[in-house]
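As structure tokens, the structure follows; a few thoughts come after it.
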Amino acid sequence: MLNGFDKLLAEQTTEAVGTSADGSPLGVCLVGLAILAVWLWRYGGFDALAAAPVRRHCLPLRLPFALFFVWLTLMAIGMYGIESYFSQDSQQTTQQIARNGFILALNAGTIAYMLYLARQYFARGLKGFGLRPKTLLRDAGWAAVNLAAVYPLIIGGIVLVTVLGKMLTGDGFTIPTHQTLEEITTSEPQMRVLLIILVTLVVPVTEEMLFRGLMQSAFKAILPGVWPAIIATSVLFALVHYSTHALSIFALSCCMGYAYERSGSLLRPIFIHIFFNTASTAAALLG
């Protein structure tokens, strides 16, 4: 629902559990399992958040949900209006440009408003929110490590859903490929650039600021402990995506929530999200 994240996971499934000749998915999974083992042994696993930095704010719980509701409403109205206006088949390309341009503008406006909220409700403003340019390179590096660590769980969720789907509906069950990936691979070069920017940059920033930065922070203020806030946010994050992707999205969301709390930097989950979407997009283009 949030413009690309769920729509990329199906392609990542094909790349990850397919019959790859070079065995790279298996290699990444083995590296991820090694990182998870070190995390459990050296850092205490789930107890690692006992020393998580404090993030002080006065953000009401209702505010992130109100923002999300407004975002969904505006998105639905905009999509309906564009599809109604460009109803002829001959205007399909123009409709695609208008649709993606509207999504870009809406997300950009939402990001700007969330930055305003961070300045108003978080102690130390954007720094307290977790946006500190000085940590950019460190966060990018650790984001790659975090994504590698959660990769086996993502693949495990995909495999489990596939196995259960075949058991319940037959051998023909597959996790479908979605429209965004098809648009990226079949659209004109100019439109392809816009779609790639949306999927690999704009969407990750929007979603992480909303779910991790605002929602998780609001949950953390009212729930007993950090992990309940991460889990509550991740459940919501998974629910707004397609059900066949829920387990993998939940695992990845927990990873991004953990990264935010462990580092205090919102840039870290943003980078995790960007890296995942970029890898999925590259797999679609090169596949």
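How things are named: the first chain in the structure tokens is A, the next is B, and so on; residues count from 1 in each chain; ligands count from 1 in the order shown.
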
| request: Select from range 48-217 of chain A everything DSSP, run on the backbone, classes as helix (DSSP H, G or I), then give the selection as number ranges by chain. | output: A: 48-51, 62-85, 89-121, 125-129, 133-169, 179-186, 189-217

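Distances to Pro60 in chain A were evaluated for A:Ala259, A:Cys29, A:Leu117, A:Leu239 using only C-alpha atoms, and the minimum falls at A:Leu117.
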
| task | Identify, on the basis of only C-alpha atoms, every residue whose closest approach to Leu210 in chain A does not exceed 12 Å; exclude the query and any residue fewer than 3 positions from it along the same chain; express the result as number ranges by chain. | result | A: 2, 63-69, 71, 107, 110-115, 117-118, 129, 203-207, 213-218, 233, 236-237, 257, 266, 269-270

Next, the residues of the selection above should be written as a CSV table (one decimal), in the first residue's frame with C-alpha atoms.
```
chain,number,residue,atom,x,y,z
A,2,LEU,CA,2.8,2.4,0.7
A,63,LEU,CA,-0.9,12.3,15.6
A,64,PRO,CA,1.0,9.6,13.5
A,65,PHE,CA,-2.3,7.7,12.9
A,66,ALA,CA,-4.1,10.9,11.9
A,67,LEU,CA,-1.2,11.7,9.5
A,68,PHE,CA,-1.4,8.2,8.0
A,69,PHE,CA,-5.1,8.4,7.6
A,71,TRP,CA,-2.0,10.4,3.6
A,107,ASN,CA,5.3,12.0,-0.4
A,110,THR,CA,4.4,14.4,3.8
A,111,ILE,CA,8.2,14.3,4.4
A,112,ALA,CA,8.2,18.1,4.8
A,113,TYR,CA,5.3,18.0,7.3
A,114,MET,CA,7.0,15.2,9.3
A,115,LEU,CA,10.2,17.3,9.5
A,117,LEU,CA,6.5,17.7,13.5
A,118,ALA,CA,9.9,16.5,14.5
A,129,PHE,CA,14.4,12.7,15.9
A,203,VAL,CA,9.3,5.7,-0.4
A,204,PRO,CA,11.9,4.5,2.1
A,205,VAL,CA,12.3,8.0,3.6
A,206,THR,CA,8.5,8.6,3.9
A,207,GLU,CA,7.8,5.2,5.4
A,213,GLY,CA,10.3,8.0,13.6
A,214,LEU,CA,6.7,8.9,14.6
A,215,MET,CA,4.7,5.8,15.3
A,216,GLN,CA,7.4,3.8,17.0
A,217,SER,CA,8.4,6.8,19.1
A,218,ALA,CA,4.7,7.4,20.1
A,233,THR,CA,4.9,-0.8,14.9
A,236,LEU,CA,1.0,-2.3,11.8
A,237,PHE,CA,3.6,-2.1,9.1
A,257,GLY,CA,12.9,-0.7,14.5
A,266,LEU,CA,16.7,7.4,11.9
A,269,PRO,CA,16.5,2.2,9.2
A,270,ILE,CA,16.2,4.5,6.2
```

| task | Pick out the residues sitting within 12 Å of Val202 in chain A, and hand them over as an NGL selection string; count only C-alpha atoms, and ignore anything fewer than 2 positions along from it in its own chain. | result | :A and (2-5 or 100-101 or 103-112 or 194-200 or 204-209 or 270-271 or 273-274 or 277-278)

Atoms kept (C-alpha atoms) for selection, written as a CSV table (one decimal), in the first residue's frame:
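That gives us selection39.csv:
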```
chain,number,residue,atom,x,y,z
A,2,LEU,CA,2.8,2.4,0.7
A,3,ASN,CA,4.0,2.7,-2.9
A,4,GLY,CA,6.5,0.0,-3.6
A,5,PHE,CA,7.9,-1.8,-0.5
A,100,ASN,CA,3.7,8.9,-10.4
A,101,GLY,CA,4.2,12.7,-10.3
A,103,ILE,CA,2.8,10.2,-5.7
A,104,LEU,CA,6.1,12.0,-5.7
A,105,ALA,CA,4.5,15.4,-4.7
A,106,LEU,CA,2.4,13.8,-2.0
A,107,ASN,CA,5.3,12.0,-0.4
A,108,ALA,CA,7.5,15.1,-0.6
A,109,GLY,CA,4.8,17.1,1.1
A,110,THR,CA,4.4,14.4,3.8
A,111,ILE,CA,8.2,14.3,4.4
A,112,ALA,CA,8.2,18.1,4.8
A,194,LEU,CA,11.1,8.6,-11.8
A,195,LEU,CA,9.9,5.2,-10.7
A,196,ILE,CA,13.4,4.2,-9.4
A,197,ILE,CA,13.7,7.5,-7.5
A,198,LEU,CA,10.3,6.9,-5.9
A,199,VAL,CA,10.9,3.2,-5.0
A,200,THR,CA,14.5,3.5,-3.8
A,204,PRO,CA,11.9,4.5,2.1
A,205,VAL,CA,12.3,8.0,3.6
A,206,THR,CA,8.5,8.6,3.9
A,207,GLU,CA,7.8,5.2,5.4
A,208,GLU,CA,10.7,5.2,7.9
A,209,MET,CA,9.9,8.7,9.1
A,270,ILE,CA,16.2,4.5,6.2
A,271,PHE,CA,19.4,3.1,4.7
A,273,HIS,CA,15.0,0.3,3.6
A,274,ILE,CA,16.8,2.0,0.7
A,277,ASN,CA,14.4,-1.7,-2.3
A,278,THR,CA,17.5,-0.9,-4.4
```

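We find CA of Met75 in chain A and CA of Leu247 in chain A to be spaced 25.6 Å apart.
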
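Here the question is which of A:Ala282, A:Ile154, A:Leu160, A:Met167 gets nearest to Ser248 in chain A using only C-alpha atoms, and that residue is A:Ile154.
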
| CA of Ala98 in chain A to CA of Glu182 in chain A, distance in Å rounded to a single decimal | 17.5 Å

| Option closest in space to Ser280 in chain A, from A:Arg62, A:Ala51, A:Ala76, A:Ile184 [counting only C-alpha atoms] | A:Ile184

| Which polymer residues have any atom within 10 Å of an atom of Phe219 in chain A, counting only C-alpha atoms, with same-chain residues fewer than 2 positions away left out, as a list of chain:residue names? |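 These residues fall inside the cut-off: A:Leu59, A:Pro60, A:Leu61, A:Arg212, A:Leu214, A:Met215, A:Gln216, A:Ser217, A:Ala221, A:Ile222, A:Leu223, A:Pro224, A:Gly225, A:Val226, A:Pro228, A:Ala229, A:Ile230, A:Ile231, A:Ala232, A:Thr233.
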